[in-house]
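Below: one structure, written as structure tokens.
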2 protein chains.
Amino acid sequence: ECNFKPMRQREVKFVRSVMTPAITIEPETSVDEASRIMIQKGVNHLPVVKDGRLVGIVTSWDIAKAVATKKTGNVAEIMTRKVITALPDEPVEIAARKMEKHNISALPVVDAKQRVIGMVTSEDLSKLLVR
Amino acid sequence: ECNFKPMRQREVKFVRSVMTPAITIEPETSVDEASRIMIQKGVNHLPVVKDGRLVGIVTSWDIAKAVATKKTGNVAEIMTRKVITALPDEPVEIAARKMEKHNISALPVVDAKQRVIGMVTSEDLSKLLVR
Ligand SMILES: C[S@@+](CC[C@H](N)C(=O)[O-])C[C@H]1O[C@@H](n2cnc3c(N)ncnc32)[C@H](O)[C@@H]1O
């Protein structure tokens, strides 16, 4: 006799289905301009791109750091250069694990040529809890 | 005959079990000092408390906004005053829904007397995807 009610198999979700468009800037963008872009676009994370290739990331936390340390030149001075990224065909659990491991809240999504094709944030992932 | 493999019933998780300690500031705290506290403590969100009561919230996004608009006085000038909160005994799904609805990434957790007892962020929630 069957004692178990059928439960819908939890589907595997991929980064591609939850990612959002990335707003990118360049290393020469000023800290002031980067701040304006974050506010205008309502985002916390700006991947930094040079010649189409991902070279860094600037977040609103980095802006707060720039304020705290009175650095206000170009984003090249304040960006994080070793960027943790996600692939579009990666399960969301893997992206969540990377964020947890590195204590970060967003990953640029890149293609095989390291071009930025989107952004996945902890906000995007936490929406998956909402049915 | 039983065709279904038993699956562990998905437990209801409550905000209490995922919240982290809140770092609070006061309305008179300067924007510079708030930035320093964010960097020192590695957080993006600072609930603003006056006489033990929650009166606002300042995030690194607000700091970026302060840079963009060249406001650099006290946090009272830049904080959001209508704060969306969570209760410790609320299911995490409800907290996630509030974040989605208001496009925010953190909720101060308050007790019945509106005292801040913790913080729940989209980072905390996305960790629930990691098994
Ligand atoms: C609307 S969000 C947009 C950027 C991004 N979604 C985020 O959450 O950082 C930024 C604004 O939300 C405000 N905010 C953050 N958490 C809040 C909360 N729990 N209640 C009310 N406002 C909040 C911040 O003060 C900031 O001005």
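Residues in the structure tokens are named by chain (A, B, ... in the order shown) and by number from 1 within that chain; ligands are numbered from 1 in the order shown.
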Can you tell me which residues come within 7 Å of ligand 1 when counting only C-alpha atoms and all ligand atoms, ideally as a short mmCIF file (atom, residue, chain, number, x, y, z; two decimals) with all heavy atoms, in the first residue's frame?
data_model
loop_
_atom_site.label_atom_id
_atom_site.label_comp_id
_atom_site.auth_asym_id
_atom_site.auth_seq_id
_atom_site.Cartn_x
_atom_site.Cartn_y
_atom_site.Cartn_z
N GLY A 42 18.08 51.88 -10.25
CA GLY A 42 17.60 51.12 -9.10
C GLY A 42 18.34 49.82 -8.84
O GLY A 42 17.76 48.84 -8.40
N VAL A 43 19.64 49.82 -9.15
CA VAL A 43 20.43 48.60 -8.93
C VAL A 43 21.58 48.85 -7.94
O VAL A 43 21.95 50.00 -7.68
CB VAL A 43 21.03 48.06 -10.25
CG1 VAL A 43 19.92 47.67 -11.21
CG2 VAL A 43 21.98 49.07 -10.88
N ASN A 44 22.10 47.77 -7.40
CA ASN A 44 23.20 47.86 -6.44
C ASN A 44 24.53 47.42 -7.03
O ASN A 44 25.55 47.55 -6.37
CB ASN A 44 22.90 46.96 -5.23
CG ASN A 44 21.91 47.58 -4.26
OD1 ASN A 44 22.18 48.63 -3.72
ND2 ASN A 44 20.78 46.93 -4.07
N ILE B 57 15.63 53.48 7.83
CA ILE B 57 16.67 52.54 7.40
C ILE B 57 17.57 53.24 6.40
O ILE B 57 17.10 54.08 5.61
CB ILE B 57 16.05 51.25 6.80
CG1 ILE B 57 17.14 50.20 6.51
CG2 ILE B 57 15.25 51.55 5.53
CD1 ILE B 57 16.59 48.81 6.26
N VAL B 58 18.86 52.96 6.49
CA VAL B 58 19.83 53.49 5.53
C VAL B 58 20.59 52.32 4.93
O VAL B 58 21.04 51.43 5.67
CB VAL B 58 20.82 54.46 6.21
CG1 VAL B 58 22.00 54.77 5.29
CG2 VAL B 58 20.12 55.74 6.60
N THR B 59 20.67 52.29 3.61
CA THR B 59 21.39 51.20 2.94
C THR B 59 22.54 51.78 2.12
O THR B 59 22.63 53.00 1.93
CB THR B 59 20.44 50.42 2.01
OG1 THR B 59 20.13 51.25 0.88
CG2 THR B 59 19.15 50.04 2.72
N TRP B 61 22.78 51.68 -0.86
CA TRP B 61 22.13 52.33 -2.00
C TRP B 61 21.85 53.80 -1.68
O TRP B 61 22.04 54.68 -2.52
CB TRP B 61 20.82 51.59 -2.33
CG TRP B 61 20.24 51.89 -3.68
CD1 TRP B 61 20.58 51.30 -4.86
CD2 TRP B 61 19.21 52.84 -3.97
NE1 TRP B 61 19.80 51.84 -5.88
CE2 TRP B 61 18.96 52.78 -5.35
CE3 TRP B 61 18.47 53.74 -3.19
CZ2 TRP B 61 18.01 53.57 -5.98
CZ3 TRP B 61 17.52 54.53 -3.82
CH2 TRP B 61 17.31 54.44 -5.20
N ASP B 62 21.43 54.06 -0.42
CA ASP B 62 21.18 55.45 0.01
C ASP B 62 22.49 56.24 0.07
O ASP B 62 22.50 57.45 -0.17
CB ASP B 62 20.49 55.47 1.37
CG ASP B 62 19.11 54.82 1.31
OD1 ASP B 62 18.34 55.17 0.41
OD2 ASP B 62 18.83 53.97 2.16
N MET B 79 17.74 58.83 5.10
CA MET B 79 17.11 57.54 5.43
C MET B 79 15.70 57.42 4.86
O MET B 79 15.04 58.41 4.59
CB MET B 79 17.07 57.34 6.96
CG MET B 79 16.10 58.25 7.69
SD MET B 79 16.28 58.02 9.50
CE MET B 79 14.92 59.06 10.10
N THR B 80 15.27 56.18 4.67
CA THR B 80 13.88 55.90 4.30
C THR B 80 13.10 55.77 5.61
O THR B 80 13.51 55.02 6.50
CB THR B 80 13.80 54.59 3.50
OG1 THR B 80 14.59 54.74 2.31
CG2 THR B 80 12.36 54.27 3.10
N LYS B 82 9.60 55.19 5.99
CA LYS B 82 8.53 54.18 6.05
C LYS B 82 9.19 52.82 5.87
O LYS B 82 9.45 52.39 4.76
CB LYS B 82 7.51 54.46 4.94
CG LYS B 82 6.16 53.83 5.19
CD LYS B 82 5.12 54.28 4.17
CE LYS B 82 3.90 53.38 4.22
NZ LYS B 82 4.21 51.94 3.96
N VAL B 83 9.48 52.16 6.98
CA VAL B 83 10.26 50.92 6.93
C VAL B 83 9.35 49.69 6.89
O VAL B 83 8.42 49.58 7.69
CB VAL B 83 11.20 50.80 8.15
CG1 VAL B 83 12.12 49.58 7.98
CG2 VAL B 83 12.03 52.07 8.32
N ILE B 84 9.62 48.82 5.92
CA ILE B 84 8.92 47.54 5.85
C ILE B 84 9.66 46.57 6.77
O ILE B 84 10.87 46.42 6.64
CB ILE B 84 8.92 46.99 4.40
CG1 ILE B 84 8.60 48.08 3.38
CG2 ILE B 84 7.97 45.80 4.27
CD1 ILE B 84 7.22 48.66 3.46
N THR B 85 8.94 45.92 7.68
CA THR B 85 9.58 45.06 8.68
C THR B 85 9.08 43.62 8.59
O THR B 85 8.11 43.34 7.89
CB THR B 85 9.30 45.58 10.10
OG1 THR B 85 7.88 45.64 10.29
CG2 THR B 85 9.90 46.96 10.31
N HIS B 102 8.22 45.23 -2.64
CA HIS B 102 8.73 46.59 -2.44
C HIS B 102 10.09 46.83 -3.11
O HIS B 102 10.66 47.91 -2.95
CB HIS B 102 8.81 46.88 -0.94
CG HIS B 102 7.47 46.85 -0.26
ND1 HIS B 102 6.59 47.91 -0.31
CD2 HIS B 102 6.84 45.87 0.43
CE1 HIS B 102 5.48 47.59 0.36
NE2 HIS B 102 5.61 46.36 0.81
N ASN B 103 10.60 45.80 -3.80
CA ASN B 103 11.90 45.92 -4.46
C ASN B 103 13.00 46.32 -3.48
O ASN B 103 13.76 47.26 -3.71
CB ASN B 103 11.81 46.91 -5.63
CG ASN B 103 13.11 47.03 -6.39
OD1 ASN B 103 13.90 46.09 -6.45
ND2 ASN B 103 13.38 48.21 -6.93
N ILE B 104 13.05 45.63 -2.36
CA ILE B 104 14.08 45.88 -1.35
C ILE B 104 14.78 44.57 -1.01
O ILE B 104 14.29 43.50 -1.36
CB ILE B 104 13.47 46.50 -0.06
CG1 ILE B 104 12.31 45.64 0.45
CG2 ILE B 104 13.03 47.93 -0.33
CD1 ILE B 104 11.63 46.19 1.68
N SER B 105 15.93 44.68 -0.36
CA SER B 105 16.72 43.46 -0.14
C SER B 105 16.92 43.13 1.33
O SER B 105 17.68 42.22 1.65
CB SER B 105 18.07 43.61 -0.84
OG SER B 105 18.69 44.81 -0.47
N ALA B 106 16.24 43.83 2.21
CA ALA B 106 16.37 43.51 3.64
C ALA B 106 15.19 44.05 4.44
O ALA B 106 14.60 45.08 4.08
CB ALA B 106 17.66 44.09 4.19
N LEU B 107 14.88 43.36 5.52
CA LEU B 107 13.81 43.79 6.43
C LEU B 107 14.34 43.75 7.86
O LEU B 107 14.82 42.70 8.30
CB LEU B 107 12.62 42.83 6.34
CG LEU B 107 12.02 42.52 4.97
CD1 LEU B 107 11.01 41.38 5.10
CD2 LEU B 107 11.35 43.76 4.39
N PRO B 108 14.24 44.85 8.60
CA PRO B 108 14.50 44.77 10.03
C PRO B 108 13.45 43.85 10.67
O PRO B 108 12.28 43.91 10.30
CB PRO B 108 14.34 46.21 10.52
CG PRO B 108 14.48 47.05 9.30
CD PRO B 108 13.94 46.22 8.17
#
Quick one: which residues from chain B are at most 9 Å off chain A, using only C-alpha atoms, as a compact mmCIF listing (two decimals) with C-alpha atoms, in the first residue's frame?
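Output (part-v9.txt):
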# COMPACT_ATOMS: atom_id res chain seq x y z
CA GLU B 1 1.79 -0.65 -5.47
CA CYS B 2 3.66 2.47 -4.59
CA ASN B 3 4.95 4.54 -7.48
CA PHE B 4 6.13 7.50 -5.49
CA LYS B 5 9.41 7.82 -3.68
CA PRO B 6 9.01 9.47 -0.31
CA MET B 7 10.18 13.06 -0.31
CA GLN B 9 8.06 17.29 3.45
CA VAL B 31 26.61 59.85 6.42
CA ASP B 32 30.40 59.39 6.62
CA GLU B 33 30.15 57.50 9.89
CA ALA B 34 27.31 55.31 8.56
CA SER B 35 29.52 54.42 5.56
CA ARG B 36 32.38 53.51 7.89
CA ILE B 37 30.10 51.28 9.97
CA MET B 38 28.83 49.47 6.85
CA ILE B 39 32.39 48.75 5.72
CA GLY B 42 30.40 44.21 6.20
CA VAL B 43 26.71 45.04 5.96
CA ASN B 44 24.56 46.93 3.44
CA THR B 59 21.39 51.20 2.94
CA SER B 60 24.52 51.37 0.81
CA TRP B 61 22.13 52.33 -2.00
CA ASP B 62 21.18 55.45 0.01
CA ILE B 63 24.89 56.21 0.41
CA ALA B 64 25.31 56.00 -3.37
CA LYS B 65 22.31 58.32 -3.64
CA ALA B 66 23.92 60.72 -1.19
CA VAL B 67 27.04 60.74 -3.39
CA ALA B 68 24.96 61.27 -6.54
CA THR B 69 23.01 64.14 -4.99
CA VAL B 92 10.42 33.16 5.25
CA GLU B 93 8.11 33.04 2.19
CA ILE B 94 6.22 36.03 3.55
CA ALA B 96 10.54 37.08 0.53
CA ARG B 97 7.20 38.29 -0.79
CA MET B 99 11.02 42.13 -0.48
CA GLU B 100 9.76 41.31 -3.95
CA ASN B 103 11.90 45.92 -4.46
CA ILE B 104 14.08 45.88 -1.35
CA SER B 105 16.72 43.46 -0.14
CA THR B 121 18.24 39.97 3.96
CA SER B 122 17.79 38.48 0.50
CA GLU B 123 21.27 37.03 1.02
CA ASP B 124 20.00 35.13 4.09
CA LEU B 125 16.99 33.89 2.10
CA SER B 126 18.93 32.80 -0.98
CA LYS B 127 21.10 30.63 1.29
CA LEU B 128 17.98 28.50 1.81
CA LEU B 129 18.42 27.30 -1.78
CA VAL B 130 21.76 25.76 -0.82
CA ARG B 131 21.32 22.29 0.63
All alpha helix (DSSP H) positions in chain B, as a ChimeraX atom specification
/B:15-18,31-41,60-69,92-102,122-126
With a cut-off of 6 Å, could you pull out the residues of segment 52-111 of chain B touching segment 20-29 of chain B and give me the nearest pair of atoms for each, distance in Å to one decimal, using only C-alpha atoms, ordered by chain and ascending number, as JSON lines?
{"residue": "B:Asn74", "atom": "CA", "partner": "B:Glu28", "partner_atom": "CA", "distance": 5.4}
{"residue": "B:Val75", "atom": "CA", "partner": "B:Pro27", "partner_atom": "CA", "distance": 5.5}
{"residue": "B:Ala76", "atom": "CA", "partner": "B:Pro27", "partner_atom": "CA", "distance": 4.6}
Limited to N, CA and C atoms, could you put the picked residues into a file as a PDB file, in the first residue's frame?
ATOM      1  N   ASN B  74      23.579  64.362   8.094  1.00  0.00           N
ATOM      2  CA  ASN B  74      23.223  63.239   8.951  1.00  0.00           C
ATOM      3  C   ASN B  74      22.378  62.232   8.181  1.00  0.00           C
ATOM      4  N   VAL B  75      22.321  61.012   8.714  1.00  0.00           N
ATOM      5  CA  VAL B  75      21.524  60.002   8.034  1.00  0.00           C
ATOM      6  C   VAL B  75      20.037  60.355   8.035  1.00  0.00           C
ATOM      7  N   ALA B  76      19.609  61.187   8.988  1.00  0.00           N
ATOM      8  CA  ALA B  76      18.199  61.610   9.014  1.00  0.00           C
ATOM      9  C   ALA B  76      17.776  62.197   7.664  1.00  0.00           C
TER      10      ALA B  76
END
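Residues in contact with Val109 of chain A at 7 Å, where only C-alpha atoms are counted and same-chain residues fewer than 4 positions away are skipped, are listed as Thr85, Ala86, Leu87, Pro88, Val116, Ile117, Gly118, Met119 and Val120 of chain A.
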Could you pull out the strand (DSSP E) residues of segment 56-129 of chain A, going by DSSP on the backbone, and write them as an MDAnalysis selection string?
chainID A and resid 56:59 106:110 116:121
Any chance you could export the current selection's C-alpha atoms as an mmCIF file, in the first residue's frame?
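Output below, filename out-v1.cif:
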data_model
loop_
_atom_site.group_PDB
_atom_site.id
_atom_site.type_symbol
_atom_site.label_atom_id
_atom_site.label_comp_id
_atom_site.auth_asym_id
_atom_site.auth_seq_id
_atom_site.Cartn_x
_atom_site.Cartn_y
_atom_site.Cartn_z
ATOM 1 C CA GLY A 56 35.575 44.249 -12.446
ATOM 2 C CA ILE A 57 32.458 44.964 -10.438
ATOM 3 C CA VAL A 58 31.344 48.014 -8.436
ATOM 4 C CA THR A 59 28.559 47.782 -5.878
ATOM 5 C CA ALA A 106 25.220 39.274 -7.012
ATOM 6 C CA LEU A 107 27.021 37.523 -9.856
ATOM 7 C CA PRO A 108 27.472 38.809 -13.402
ATOM 8 C CA VAL A 109 26.283 36.133 -15.819
ATOM 9 C CA VAL A 110 28.849 35.610 -18.598
ATOM 10 C CA VAL A 116 28.355 39.938 -19.635
ATOM 11 C CA ILE A 117 24.873 38.751 -20.630
ATOM 12 C CA GLY A 118 23.011 39.427 -17.383
ATOM 13 C CA MET A 119 23.069 39.653 -13.636
ATOM 14 C CA VAL A 120 21.763 37.334 -10.941
ATOM 15 C CA THR A 121 21.276 38.766 -7.448
#
When all Cα positions are paired in order and chain A is fitted onto chain B, what RMSD is left, to one decimal?
0.3 Å
